[in-house]
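S.K.: First the structure, then my questions, so here it is.
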Amino acid sequence: SCPSSLLSDMVEKGWLGRKSKQGFFTYTGKKGKKIGPEVTSFLKEFNGGKVSDMSETDIQDRIASRLVNEAAKCLEDKIIENPAAGDIGLVFGIGFAPFKGGPFRYLDSVGVSSYVDRMNGFADTLGEQFEPCQLLKDYAASGKKFHG
């Protein structure tokens, strides 16, 4: 089953997110949300009862690595002027986790080299969409940081 089929099934059920008070979450009030039992059961049925063995960190890194890589590509292609602009743009523009300081601050804090190694591991097991861009590879090889 593919994600678009999952989403189509959810739309058919009227699970439209916050506006219908049901989607991946069941919404209560302005800020209250939780994963409801109906959704859990629906996802198990949709997935054929399979449960992922991925850690929470792996899931977060798989999602974030794609955003981080695209931000680096934007810097590489001169779409953004500098890392600070990229950090501000992603934090305020698309909601990149503000406590991480943006993609470039985050890379500096975890180490570009270790992050590139992590992305290469994902690329080896999950496909080329996780391949780090050349700029990230260059920074990893040289030990250079984006800020300072």
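In the structure tokens, chains take the letters A, B, ... in the order shown, each chain's residues start at 1, and ligands count up from 1 in the order shown.
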If we count only C-alpha atoms, what is near Gly86 in chain A at a cut-off of 10 Å, once residues fewer than 6 positions away on the same chain are taken out, given as JSON, numbers by chain?
M.R.: {"A": [68, 71, 72, 74, 75, 79, 80, 92, 93, 102, 103, 104, 105]}
S.K.: Got a sec: who's within 12 Å of Ser5 in chain A, counting only C-alpha atoms, leaving out chain neighbours fewer than 5 positions off, as a list of chain:residue names?
M.R.: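 What passes the distance filter is A:Met10, A:Val11, A:Glu12, A:Leu43, A:Phe46, A:Asn47.
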S.K.: Those selected residues, please, written with N, CA and C atoms and delivered as a short mmCIF file (atom, residue, chain, number, x, y, z; two decimals), in the first residue's frame.
M.R.:
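Produced file part-v9.cif, reproduced below:
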```cif
data_model
loop_
_atom_site.label_atom_id
_atom_site.label_comp_id
_atom_site.auth_asym_id
_atom_site.auth_seq_id
_atom_site.Cartn_x
_atom_site.Cartn_y
_atom_site.Cartn_z
N MET A 10 -8.26 7.87 4.14
CA MET A 10 -8.57 8.75 5.27
C MET A 10 -9.54 9.84 4.85
N VAL A 11 -9.35 10.40 3.66
CA VAL A 11 -10.27 11.43 3.16
C VAL A 11 -11.67 10.84 2.98
N GLU A 12 -11.74 9.62 2.43
CA GLU A 12 -13.05 8.96 2.27
C GLU A 12 -13.76 8.79 3.60
N LEU A 43 -4.45 2.15 10.87
CA LEU A 43 -3.09 2.06 10.36
C LEU A 43 -2.55 0.63 10.42
N PHE A 46 -4.20 -1.13 7.58
CA PHE A 46 -3.64 -0.64 6.33
C PHE A 46 -2.26 -1.25 6.09
N ASN A 47 -1.49 -1.37 7.15
CA ASN A 47 -0.12 -1.87 7.09
C ASN A 47 -0.02 -3.39 7.14
#
```
S.K.: Which parts of range 7-141 of chain A does DSSP call strand (DSSP E or B) when run on the backbone here, written out as a PyMOL selection string?
M.R.: chain A and resi 17+22+26-28+32-34
S.K.: Using the selection just defined, write its residues with C-alpha atoms as a short mmCIF file (atom, residue, chain, number, x, y, z; two decimals), in the first residue's frame.
M.R.:
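The resulting file, selection-v3.cif, is reproduced below:
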```cif
data_model
loop_
_atom_site.label_atom_id
_atom_site.label_comp_id
_atom_site.auth_asym_id
_atom_site.auth_seq_id
_atom_site.Cartn_x
_atom_site.Cartn_y
_atom_site.Cartn_z
CA GLY A 17 -7.39 16.76 10.04
CA GLN A 22 -9.91 13.69 13.09
CA THR A 26 -7.98 13.17 17.21
CA TYR A 27 -8.26 16.85 18.08
CA THR A 28 -9.82 18.25 21.24
CA GLY A 32 -5.28 19.09 22.42
CA LYS A 33 -4.45 16.23 20.10
CA LYS A 34 -3.72 12.56 20.51
#
```
S.K.: Find, counting only C-alpha atoms, the residue in A:Phe99, A:Leu16, A:Lys50, A:Phe146 that gets nearest to Asn82 in chain A.
M.R.: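 So, comparing all the options, the nearest one is A:Phe146.
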S.K.: Please determine, counting only C-alpha atoms, which residue among A:Ser55, A:Ser65, A:Ser41, A:Ser114 has the shortest atom-to-atom distance to Tyr139 in chain A.
M.R.: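 Result for the nearest residue to Tyr139 in chain A: A:Ser114.
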S.K.: When DSSP works through the backbone of this structure, what residues of range 19-50 of chain A end up as helix (DSSP H, G or I), shown as a compact mmCIF listing (two decimals) with C-alpha atoms, in the first residue's frame?
M.R.:
```txt
# COMPACT_ATOMS: atom_id res chain seq x y z
CA LYS A 19 -11.12 20.87 10.55
CA SER A 20 -12.92 17.55 11.04
CA PRO A 37 -7.62 4.18 18.89
CA GLU A 38 -9.52 4.26 15.57
CA VAL A 39 -6.48 5.65 13.78
CA THR A 40 -4.15 3.13 15.40
CA SER A 41 -6.41 0.28 14.35
CA PHE A 42 -6.86 1.73 10.83
CA LEU A 43 -3.09 2.06 10.36
CA LYS A 44 -2.46 -1.49 11.58
CA GLU A 45 -5.09 -2.78 9.14
CA PHE A 46 -3.64 -0.64 6.33
```
S.K.: Here is a test: counting only C-alpha atoms, which residue of A:Gln134, A:Ser52, A:Ser8, A:Asn69 is nearest to Tyr106 in chain A?
M.R.: A:Asn69
S.K.: Using only C-alpha atoms, which residue out of A:Thr57, A:Ala64, A:Cys133, A:Ala97 lies closest to Asp77 in chain A?
M.R.: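 Residue with the minimum atom-to-atom distance to Asp77 in chain A: A:Cys133.
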S.K.: Can you tell me, as a ChimeraX atom specification, what residues are no more than 12 Å from Phe130 in chain A when counting only C-alpha atoms, ignoring any on the same chain fewer than 2 positions away?
M.R.: /A:61-70,115-128,132-133
S.K.: CA of Asp108 in chain A to CA of Lys145 in chain A: how many Å, to one decimal?
M.R.: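 The value is 5.7 Å.
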